[in-house]
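Chemist: Sharing protein_28.txt (compact mmCIF, C-alpha atoms) below.
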# COMPACT_ATOMS: atom_id res chain seq x y z
CA MET B 232 0.00 0.00 0.00
CA ARG B 233 1.12 3.46 -0.80
CA ARG B 234 -0.25 6.75 0.48
CA LEU B 235 0.80 10.28 -0.39
CA SER B 236 -0.85 13.42 0.89
CA VAL B 237 -0.15 17.16 0.86
CA GLN B 238 -2.55 18.69 3.35
CA ALA B 239 -3.18 21.57 5.72
CA ASP B 240 -4.61 19.36 8.46
CA PRO B 241 -2.63 17.44 11.09
CA PHE B 242 -2.17 13.68 10.69
CA ASP B 243 -2.67 10.73 13.02
CA LEU B 244 0.41 8.50 13.18
CA ALA B 245 -1.35 5.51 14.77
CA HIS B 246 -4.12 5.62 12.18
CA GLU B 247 -1.65 5.81 9.29
CA ILE B 248 0.38 2.84 10.59
CA GLN B 249 -2.80 0.84 11.02
CA GLN B 250 -3.84 1.63 7.45
CA LEU B 251 -0.49 0.33 6.16
CA THR B 252 -0.39 -2.84 8.21
CA GLN B 253 -3.94 -4.06 8.78
CA GLY B 254 -4.70 -7.47 7.30
CA ARG B 255 -1.03 -8.05 6.44
CA THR B 256 1.12 -10.84 7.87
CA ASP B 257 4.20 -10.30 5.70
CA ILE B 258 5.39 -7.05 7.32
CA GLY B 259 8.10 -7.47 9.95
CA ALA B 260 9.17 -3.86 10.39
CA VAL B 261 7.49 -0.47 10.45
CA VAL B 262 9.61 2.68 10.77
CA SER B 263 8.13 6.14 11.13
CA PHE B 264 9.61 9.62 11.16
CA THR B 265 7.63 12.66 12.29
CA GLY B 266 9.08 16.12 11.71
CA LEU B 267 7.88 18.81 14.12
CA CYS B 268 8.05 22.59 14.08
CA ARG B 269 10.86 23.42 16.51
CA SER B 270 11.13 26.78 18.27
CA GLU B 271 14.78 27.81 18.48
CA GLY B 272 15.22 29.16 22.00
CA GLY B 273 11.47 29.73 22.29
CA LEU B 274 11.62 32.70 19.87
CA LEU B 275 9.86 31.12 16.94
CA GLU B 276 6.09 31.10 17.09
CA ALA B 277 5.27 29.38 13.82
CA LEU B 278 6.53 28.27 10.43
CA GLU B 279 4.62 29.18 7.31
CA LEU B 280 4.94 26.36 4.79
CA GLU B 281 4.52 27.44 1.18
CA HIS B 282 4.34 24.77 -1.52
CA PHE B 283 3.96 24.34 -5.26
CA PRO B 284 0.58 22.61 -5.60
CA GLY B 285 0.68 19.84 -8.16
CA MET B 286 4.44 19.63 -8.40
CA ALA B 287 4.70 18.86 -4.66
CA GLU B 288 2.59 15.72 -5.08
CA GLU B 289 4.32 14.73 -8.32
CA GLU B 290 7.84 15.17 -6.96
CA MET B 291 7.00 13.33 -3.72
CA GLY B 292 5.59 10.53 -5.88
CA ARG B 293 8.84 10.36 -7.87
CA VAL B 294 10.87 10.19 -4.64
CA MET B 295 8.58 7.38 -3.42
CA ASP B 296 9.05 5.54 -6.75
CA GLU B 297 12.79 5.71 -6.21
CA ALA B 298 12.52 4.36 -2.66
CA GLU B 299 10.37 1.48 -3.89
CA ALA B 300 12.88 0.71 -6.64
CA ARG B 301 15.75 0.60 -4.12
CA TRP B 302 14.20 -1.35 -1.23
CA PRO B 303 11.60 -4.11 -0.93
CA LEU B 304 8.79 -2.13 0.72
CA GLN B 305 5.36 -3.48 1.49
CA GLY B 306 3.99 -0.15 2.60
CA LEU B 307 4.88 3.49 2.21
CA CYS B 308 3.22 6.65 3.48
CA VAL B 309 4.38 10.25 3.05
CA ILE B 310 2.34 13.18 4.35
CA HIS B 311 3.53 16.80 4.17
CA ARG B 312 1.59 19.68 5.64
CA PHE B 313 1.42 23.26 4.38
CA GLY B 314 0.12 26.55 5.77
CA MET B 315 0.78 28.09 9.17
CA ILE B 316 2.24 25.52 11.55
CA LYS B 317 2.80 26.50 15.17
CA ALA B 318 5.83 25.49 17.24
CA GLY B 319 5.35 21.95 18.51
CA GLU B 320 3.00 20.94 15.69
CA GLN B 321 3.65 18.29 13.05
CA ILE B 322 5.09 19.12 9.62
CA VAL B 323 5.93 15.85 7.89
CA LEU B 324 5.37 12.11 8.27
CA VAL B 325 7.21 9.24 6.62
CA ILE B 326 6.27 5.60 7.30
CA THR B 327 7.96 2.63 5.69
CA ALA B 328 6.97 -1.02 6.09
CA SER B 329 9.08 -3.98 5.05
CA ALA B 330 9.78 -7.60 5.87
CA HIS B 331 13.00 -6.61 7.67
CA ARG B 332 14.09 -3.52 9.57
CA ASP B 333 17.15 -2.61 7.46
CA ALA B 334 15.07 -1.80 4.39
CA ALA B 335 12.48 0.10 6.44
CA PHE B 336 15.10 2.22 8.28
CA GLN B 337 17.12 2.98 5.18
CA ALA B 338 14.11 3.80 3.02
CA ALA B 339 12.74 6.20 5.67
CA ASP B 340 16.14 7.91 5.96
CA PHE B 341 16.41 8.19 2.17
CA LEU B 342 12.87 9.54 1.82
CA MET B 343 13.48 12.32 4.34
CA ASP B 344 16.81 13.29 2.75
CA TYR B 345 15.24 13.47 -0.70
CA LEU B 346 12.05 15.21 0.42
CA LYS B 347 14.08 17.94 2.09
CA THR B 348 16.06 18.73 -1.04
CA ARG B 349 13.54 17.95 -3.81
CA ALA B 350 9.96 18.43 -2.64
CA PRO B 351 8.90 22.02 -3.48
CA PHE B 352 8.18 23.40 0.00
CA TRP B 353 9.59 26.54 1.61
CA LYS B 354 9.55 27.62 5.25
CA LYS B 355 9.10 31.17 6.50
CA GLU B 356 9.76 31.93 10.16
CA TRP B 357 7.29 33.89 12.27
CA GLN B 358 8.25 35.28 15.68
CA GLN B 359 6.22 36.07 18.76
CA GLY B 360 4.49 39.40 18.18
CA GLY B 361 3.80 38.77 14.51
CA ASP B 362 7.10 39.75 12.89
CA THR B 363 8.78 37.53 10.33
CA ARG B 364 12.45 36.59 10.35
CA GLY B 365 12.21 35.72 6.68
CA TRP B 366 12.72 32.52 4.75
CA VAL B 367 14.67 29.58 6.11
CA GLU B 368 17.87 29.02 4.13
CA ALA B 369 18.60 25.61 2.67
CA LYS B 370 21.38 23.82 4.55
CA LYS B 371 24.48 22.47 2.84
CA GLU B 372 24.36 19.46 5.19
CA ASP B 373 20.94 18.51 3.82
CA VAL B 374 22.26 18.52 0.27
CA ALA B 375 25.28 16.45 1.37
CA LYS B 376 22.98 13.99 3.13
CA ALA B 377 20.87 13.55 0.00
CA ASP B 378 24.00 13.20 -2.16
CA ARG B 379 25.32 10.28 -0.13
CA TRP B 380 22.56 8.06 -1.59
CA ARG B 381 23.55 8.82 -5.17
CA ASP B 382 26.27 6.20 -5.56
CA LYS B 383 24.56 3.52 -3.52
CA PRO B 384 22.82 0.65 -5.27
CA MET N 292 6.33 32.95 -34.11
CA THR N 293 6.31 34.29 -30.57
CA ARG N 294 5.31 31.78 -27.96
CA SER N 295 3.99 32.45 -24.50
CA VAL N 296 4.79 30.61 -21.30
CA LYS N 297 3.29 30.78 -17.89
CA ILE N 298 5.84 31.65 -15.21
CA LEU N 299 5.27 30.82 -11.54
CA TYR N 300 7.26 32.24 -8.63
CA PHE N 301 7.51 30.87 -5.11
CA ALA N 302 8.74 31.94 -1.66
CA TRP N 303 11.23 34.84 -1.70
CA VAL N 304 11.44 34.80 -5.50
CA ARG N 305 7.66 35.47 -5.53
CA GLU N 306 7.99 38.23 -2.94
CA ARG N 307 10.84 39.95 -4.81
CA MET N 308 9.01 39.67 -8.14
CA GLY N 309 5.91 41.16 -6.50
CA ARG N 310 3.70 38.55 -8.17
CA ALA N 311 2.95 34.84 -7.99
CA GLU N 312 2.64 34.29 -11.74
CA GLU N 313 2.57 35.88 -15.15
CA VAL N 314 2.24 34.98 -18.81
CA LEU N 315 5.21 36.06 -20.90
CA ALA N 316 5.74 36.26 -24.64
CA VAL N 317 9.14 34.62 -24.89
CA PRO N 318 11.66 36.77 -26.80
CA ASP N 319 13.30 34.98 -29.75
CA ASP N 320 16.73 34.98 -28.16
CA VAL N 321 15.51 33.29 -24.97
CA LEU N 322 16.13 29.58 -25.52
CA THR N 323 17.00 28.12 -22.14
CA VAL N 324 15.97 28.40 -18.50
CA GLU N 325 19.02 30.55 -17.74
CA ASP N 326 18.30 32.79 -20.76
CA LEU N 327 14.87 33.43 -19.28
CA ALA N 328 16.28 34.14 -15.81
CA ARG N 329 18.75 36.60 -17.38
CA PHE N 330 15.95 38.27 -19.35
CA LEU N 331 13.84 38.69 -16.20
CA ALA N 332 16.83 40.07 -14.27
CA ARG N 333 17.29 42.79 -16.91
CA ARG N 334 13.61 43.54 -17.42
CA ASP N 335 12.90 45.55 -14.26
CA GLU N 336 13.94 46.30 -10.70
CA GLU N 337 11.93 43.39 -9.29
CA GLY N 338 13.59 40.92 -11.63
CA ALA N 339 17.03 42.35 -10.83
CA HIS N 340 16.32 41.78 -7.13
CA ALA N 341 14.88 38.28 -7.51
CA PHE N 342 17.66 37.11 -9.83
CA ALA N 343 20.52 39.07 -8.24
CA ASN N 344 22.26 35.76 -7.63
CA PRO N 345 20.94 33.60 -10.48
CA ALA N 346 23.02 30.60 -9.38
CA ILE N 347 20.85 30.18 -6.30
CA VAL N 348 17.44 30.27 -8.00
CA ARG N 349 16.07 26.84 -8.92
CA ALA N 350 13.72 26.07 -11.79
CA ALA N 351 11.11 23.52 -12.80
CA LEU N 352 9.79 23.00 -16.34
CA ASP N 353 6.28 21.58 -16.44
CA ARG N 354 6.66 20.59 -12.76
CA ARG N 355 10.03 18.84 -13.03
CA HIS N 356 13.32 20.09 -11.62
CA VAL N 357 15.72 21.14 -14.38
CA PRO N 358 19.28 22.53 -14.53
CA PRO N 359 19.76 26.11 -15.85
CA HIS N 360 21.03 25.10 -19.31
CA THR N 361 17.79 23.20 -20.12
CA PRO N 362 16.10 24.38 -23.35
CA LEU N 363 12.57 25.73 -22.90
CA GLN N 364 11.41 24.00 -26.10
CA THR N 365 7.73 23.14 -25.81
CA ALA N 366 7.35 23.67 -22.06
CA THR N 367 4.16 25.53 -21.18
CA GLU N 368 4.94 26.33 -17.56
CA ILE N 369 8.17 27.34 -15.85
CA ALA N 370 8.59 27.91 -12.15
CA PHE N 371 11.38 29.78 -10.34
CA PHE N 372 12.01 29.29 -6.62
CA PRO N 373 14.69 29.24 -3.91
CA PRO N 374 16.37 26.00 -2.80
CA MET N 375 13.74 23.92 -1.05
CA THR N 376 13.40 23.83 2.73
CA GLY N 377 10.58 21.38 3.36
CA GLY N 378 10.60 18.27 5.49
Produce structure tokens that represent the structure in this file.
Modeler:
Amino acid sequence: MRRLSVQADPFDLAHEIQQLTQGRTDIGAVVSFTGLCRSEGGLLEALELEHFPGMAEEEMGRVMDEAEARWPLQGLCVIHRFGMIKAGEQIVLVITASAHRDAAFQAADFLMDYLKTRAPFWKKEWQQGGDTRGWVEAKKEDVAKADRWRDKP
Amino acid sequence: MTRSVKILYFAWVRERMGRAEEVLAVPDDVLTVEDLARFLARRDEEGAHAFANPAIVRAALDRRHVPPHTPLQTATEIAFFPPMTGG
């Protein structure tokens, strides 16, 4: 099973895992990653997530295709939120299900690295009091992390 | 014959351009993505600001990431945006 969603609403991790695994007896490992909006030193009130509707879904789908081509996955779920997301709230969810844990861990790691550098989303920081600190800059480390998958089988 | 393309802008590229999208009649000498970025940078103050450092602005042709030297050819939609910061 495969699920992909770009949505404003929060998601329910337990529900999503259940959707991937119910009725299956061939899944031995489920790995999930949830990305939250972190307030640096308590100064950040919210992140505004802008996205490119249409391309966001298509690009996430292409990244999921690549994960499925690299690892034997029985289930895959990627949810990315957009809009105003307050500190402490969820931003992104990746769930991978496989027969064995290695594939599930690696695929989840790969998906997050690729989503960060390829999915068309941009974060703007909002402070307490309603002022913006502008757009978050892309990190070189994130690009390096995505690049490390390039030469792997 | 002059062809038009739809151009979309996102995040700080959108803010600097002062618009989210436009339809542009592509000049004859604009053949690639980087030609178009250079044209927009020279067109007005907003373009000069948005494309001040053209190396940093990313592009997608018909919703697929492309490098700057990619020919526009038959693409109907081109998007310009900063490096992505999702996840």
Chemist: Give me, as a PDB file with C-alpha atoms, in the coordinates of the input, all polymer residues having an atom no more than 12 Å from Lys371 in chain B, counting all atoms listed in the file and skipping those fewer than 3 positions away in the same chain.
Modeler:
ATOM      1  CA  ASP B 344      16.810  13.290   2.750  1.00  0.00           C
ATOM      2  CA  LYS B 347      14.080  17.940   2.090  1.00  0.00           C
ATOM      3  CA  THR B 348      16.060  18.730  -1.040  1.00  0.00           C
ATOM      4  CA  GLU B 368      17.870  29.020   4.130  1.00  0.00           C
ATOM      5  CA  VAL B 374      22.260  18.520   0.270  1.00  0.00           C
ATOM      6  CA  ALA B 375      25.280  16.450   1.370  1.00  0.00           C
ATOM      7  CA  LYS B 376      22.980  13.990   3.130  1.00  0.00           C
ATOM      8  CA  ALA B 377      20.870  13.550   0.000  1.00  0.00           C
ATOM      9  CA  ASP B 378      24.000  13.200  -2.160  1.00  0.00           C
TER      10      ASP B 378
ATOM     11  CA  PRO N 374      16.370  26.000  -2.800  1.00  0.00           C
ATOM     12  CA  MET N 375      13.740  23.920  -1.050  1.00  0.00           C
ATOM     13  CA  THR N 376      13.400  23.830   2.730  1.00  0.00           C
TER      14      THR N 376
END
Chemist: Please check which residues have atoms at most 8 Å from (5.9, 23.0, -3.6) in the file's coordinates, counting all atoms listed in the file, and write them as an MDAnalysis selection string.
Modeler: chainID B and resid 281:287 350:353
Chemist: Can you tell me how far CA of Pro359 in chain N sits from CA of Gly338 in chain N, in Å to one decimal?
Modeler: 16.6 Å
Chemist: Just want the 9 Å neighbourhood of Gly259 in chain B, counted on all atoms listed in the file, with same-chain residues fewer than 3 positions away dropped. Output as a PyMOL selection string.
Modeler: chain B and resi 256+328-332
Chemist: Of the candidates B:Ala335, B:Leu346, B:Leu274, B:Leu244, which shows the shortest atom-to-atom distance to chain N, using only C-alpha atoms?
Modeler: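 Of B:Ala335, B:Leu346, B:Leu274, B:Leu244, the one nearest chain N is B:Leu346, counting only C-alpha atoms.
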Chemist: Find the spatial neighbours of range 366-370 of chain N, counting only C-alpha atoms, within a cut-off of 7 Å - ignore same-chain residues fewer than 3 positions away - and output them as a PyMOL selection string.
Modeler: chain N and resi 296-300+350-353+363
Chemist: Excluding Asp320 in chain N and any residue of its chain fewer than 4 positions from it, enumerate the residues within 10 Å of it, using all atoms listed in the file, and give them as a VMD selection string.
Modeler: chain N and resid 326 to 327 330
Chemist: In terms of the shortest atom-to-atom distance over all atoms listed in the file, which of B:Cys268, B:Ala338, B:Ala300, B:Met343 is closest to Ile322 in chain B?
Modeler: B:Cys268
Chemist: Compare N:Ala346, N:Met308, N:Ala302, N:Ala332 by their minimum atom-to-atom distance to chain B, counting only C-alpha atoms, and give me the closest one.
Modeler: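 Answer, going by the shortest atom-to-atom distance: N:Ala302.
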Chemist: Rank N:Trp303, N:Val314, N:Phe342, N:Arg294 by their smallest atom-to-atom distance to Thr365 in chain N, using all atoms listed in the file, and report the top residue only.
Modeler: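 Looking at the shortest contact to Thr365 in chain N, the residue is N:Arg294.
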Chemist: With all atoms listed in the file as the basis for distance, which of B:Gly292, B:Gly319, B:Gly254, B:Gly266 is at the shortest distance from chain N?
Modeler: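 Of all the options, B:Gly266 lies closest to chain N.
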Chemist: Range 355-366 of chain B: which residues within 6 Å, counting all atoms listed in the file, same-chain residues fewer than 2 positions away excluded, as an MDAnalysis selection string?
Modeler: chainID B and resid 274:279
Chemist: Identify which of the residues N:Val324, N:Val304, N:Leu331, N:Ala339 lies closest to chain B, counting all atoms listed in the file when measuring atom-to-atom distances.
Modeler: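 The closest residue to chain B is N:Val304.
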Chemist: When you write range 358-373 of chain N out from the block above, keep all heavy atoms and present the result as an mmCIF file, in the first residue's frame, please.
Modeler:
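The resulting file, decode_12.cif, is shown below:
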data_model
loop_
_atom_site.group_PDB
_atom_site.id
_atom_site.type_symbol
_atom_site.label_atom_id
_atom_site.label_comp_id
_atom_site.auth_asym_id
_atom_site.auth_seq_id
_atom_site.Cartn_x
_atom_site.Cartn_y
_atom_site.Cartn_z
ATOM 1 N N PRO N 358 18.095 21.659 -14.654
ATOM 2 C CA PRO N 358 19.278 22.526 -14.526
ATOM 3 C C PRO N 358 19.138 23.756 -15.437
ATOM 4 O O PRO N 358 18.338 23.735 -16.383
ATOM 5 C CB PRO N 358 20.434 21.632 -14.958
ATOM 6 C CG PRO N 358 19.838 20.481 -15.690
ATOM 7 C CD PRO N 358 18.386 20.389 -15.320
ATOM 8 N N PRO N 359 19.907 24.822 -15.146
ATOM 9 C CA PRO N 359 19.761 26.109 -15.853
ATOM 10 C C PRO N 359 19.925 26.047 -17.371
ATOM 11 O O PRO N 359 19.302 26.824 -18.089
ATOM 12 C CB PRO N 359 20.869 26.981 -15.258
ATOM 13 C CG PRO N 359 21.289 26.319 -13.993
ATOM 14 C CD PRO N 359 20.950 24.878 -14.106
ATOM 15 N N HIS N 360 20.758 25.121 -17.858
ATOM 16 C CA HIS N 360 21.027 25.098 -19.310
ATOM 17 C C HIS N 360 19.919 24.390 -20.106
ATOM 18 O O HIS N 360 20.015 24.268 -21.331
ATOM 19 C CB HIS N 360 22.373 24.424 -19.572
ATOM 20 C CG HIS N 360 22.464 23.044 -18.980
ATOM 21 N ND1 HIS N 360 21.888 21.953 -19.570
ATOM 22 C CD2 HIS N 360 23.015 22.605 -17.818
ATOM 23 C CE1 HIS N 360 22.093 20.892 -18.809
ATOM 24 N NE2 HIS N 360 22.768 21.253 -17.735
ATOM 25 N N THR N 361 18.857 23.946 -19.433
ATOM 26 C CA THR N 361 17.793 23.202 -20.118
ATOM 27 C C THR N 361 17.036 24.086 -21.121
ATOM 28 O O THR N 361 16.600 25.188 -20.784
ATOM 29 C CB THR N 361 16.784 22.655 -19.083
ATOM 30 O OG1 THR N 361 17.509 21.979 -18.072
ATOM 31 C CG2 THR N 361 15.775 21.716 -19.727
ATOM 32 N N PRO N 362 16.872 23.609 -22.363
ATOM 33 C CA PRO N 362 16.096 24.377 -23.355
ATOM 34 C C PRO N 362 14.613 24.440 -22.955
ATOM 35 O O PRO N 362 14.071 23.470 -22.434
ATOM 36 C CB PRO N 362 16.246 23.558 -24.640
ATOM 37 C CG PRO N 362 17.351 22.584 -24.396
ATOM 38 C CD PRO N 362 17.423 22.363 -22.921
ATOM 39 N N LEU N 363 13.989 25.583 -23.226
ATOM 40 C CA LEU N 363 12.567 25.726 -22.901
ATOM 41 C C LEU N 363 11.711 24.873 -23.834
ATOM 42 O O LEU N 363 10.695 24.310 -23.424
ATOM 43 C CB LEU N 363 12.132 27.187 -23.018
ATOM 44 C CG LEU N 363 12.788 28.178 -22.058
ATOM 45 C CD1 LEU N 363 12.304 29.594 -22.367
ATOM 46 C CD2 LEU N 363 12.473 27.838 -20.615
ATOM 47 N N GLN N 364 12.119 24.796 -25.086
ATOM 48 C CA GLN N 364 11.410 24.004 -26.098
ATOM 49 C C GLN N 364 9.895 24.154 -26.012
ATOM 50 O O GLN N 364 9.388 25.241 -26.132
ATOM 51 C CB GLN N 364 11.847 22.545 -26.022
ATOM 52 C CG GLN N 364 13.237 22.383 -26.610
ATOM 53 C CD GLN N 364 13.741 20.964 -26.569
ATOM 54 O OE1 GLN N 364 13.307 20.151 -25.781
ATOM 55 N NE2 GLN N 364 14.705 20.670 -27.428
ATOM 56 N N THR N 365 9.188 23.061 -25.769
ATOM 57 C CA THR N 365 7.726 23.137 -25.814
ATOM 58 C C THR N 365 7.082 23.282 -24.435
ATOM 59 O O THR N 365 5.872 23.126 -24.296
ATOM 60 C CB THR N 365 7.148 21.871 -26.481
ATOM 61 O OG1 THR N 365 7.633 20.737 -25.743
ATOM 62 C CG2 THR N 365 7.566 21.762 -27.923
ATOM 63 N N ALA N 366 7.895 23.545 -23.420
ATOM 64 C CA ALA N 366 7.349 23.672 -22.059
ATOM 65 C C ALA N 366 6.284 24.764 -22.021
ATOM 66 O O ALA N 366 6.422 25.810 -22.658
ATOM 67 C CB ALA N 366 8.462 23.985 -21.076
ATOM 68 N N THR N 367 5.213 24.530 -21.275
ATOM 69 C CA THR N 367 4.160 25.535 -21.185
ATOM 70 C C THR N 367 4.211 26.292 -19.861
ATOM 71 O O THR N 367 3.640 27.358 -19.729
ATOM 72 C CB THR N 367 2.757 24.884 -21.315
ATOM 73 O OG1 THR N 367 2.628 23.890 -20.299
ATOM 74 C CG2 THR N 367 2.584 24.248 -22.674
ATOM 75 N N GLU N 368 4.895 25.704 -18.883
ATOM 76 C CA GLU N 368 4.944 26.333 -17.563
ATOM 77 C C GLU N 368 6.354 26.228 -16.995
ATOM 78 O O GLU N 368 6.959 25.168 -17.006
ATOM 79 C CB GLU N 368 3.966 25.614 -16.631
ATOM 80 C CG GLU N 368 3.849 26.239 -15.262
ATOM 81 C CD GLU N 368 3.010 25.349 -14.341
ATOM 82 O OE1 GLU N 368 1.783 25.499 -14.334
ATOM 83 O OE2 GLU N 368 3.598 24.499 -13.647
ATOM 84 N N ILE N 369 6.854 27.357 -16.503
ATOM 85 C CA ILE N 369 8.168 27.337 -15.850
ATOM 86 C C ILE N 369 8.034 27.988 -14.483
ATOM 87 O O ILE N 369 7.342 28.999 -14.336
ATOM 88 C CB ILE N 369 9.250 28.009 -16.727
ATOM 89 C CG1 ILE N 369 10.574 28.065 -15.971
ATOM 90 C CG2 ILE N 369 8.845 29.398 -17.172
ATOM 91 C CD1 ILE N 369 11.760 28.247 -16.868
ATOM 92 N N ALA N 370 8.652 27.369 -13.506
ATOM 93 C CA ALA N 370 8.591 27.905 -12.148
ATOM 94 C C ALA N 370 9.996 28.248 -11.665
ATOM 95 O O ALA N 370 10.951 27.516 -11.943
ATOM 96 C CB ALA N 370 7.962 26.882 -11.209
ATOM 97 N N PHE N 371 10.113 29.385 -10.966
ATOM 98 C CA PHE N 371 11.382 29.776 -10.343
ATOM 99 C C PHE N 371 11.173 29.850 -8.835
ATOM 100 O O PHE N 371 10.165 30.384 -8.372
ATOM 101 C CB PHE N 371 11.840 31.147 -10.851
ATOM 102 C CG PHE N 371 12.333 31.135 -12.274
ATOM 103 C CD1 PHE N 371 11.578 31.720 -13.279
ATOM 104 C CD2 PHE N 371 13.554 30.552 -12.590
ATOM 105 C CE1 PHE N 371 12.035 31.725 -14.603
ATOM 106 C CE2 PHE N 371 14.025 30.556 -13.909
ATOM 107 C CZ PHE N 371 13.262 31.139 -14.912
ATOM 108 N N PHE N 372 12.141 29.309 -8.079
ATOM 109 C CA PHE N 372 12.005 29.286 -6.616
ATOM 110 C C PHE N 372 13.360 29.112 -5.951
ATOM 111 O O PHE N 372 14.320 28.689 -6.602
ATOM 112 C CB PHE N 372 11.050 28.161 -6.199
ATOM 113 C CG PHE N 372 11.241 26.863 -6.930
ATOM 114 C CD1 PHE N 372 12.267 25.995 -6.589
ATOM 115 C CD2 PHE N 372 10.386 26.505 -7.973
ATOM 116 C CE1 PHE N 372 12.430 24.790 -7.254
ATOM 117 C CE2 PHE N 372 10.552 25.297 -8.654
ATOM 118 C CZ PHE N 372 11.578 24.442 -8.293
ATOM 119 N N PRO N 373 13.436 29.431 -4.640
ATOM 120 C CA PRO N 373 14.689 29.236 -3.911
ATOM 121 C C PRO N 373 14.928 27.749 -3.659
ATOM 122 O O PRO N 373 14.003 26.943 -3.838
ATOM 123 C CB PRO N 373 14.455 29.941 -2.579
ATOM 124 C CG PRO N 373 13.128 30.589 -2.645
ATOM 125 C CD PRO N 373 12.379 30.002 -3.783
#
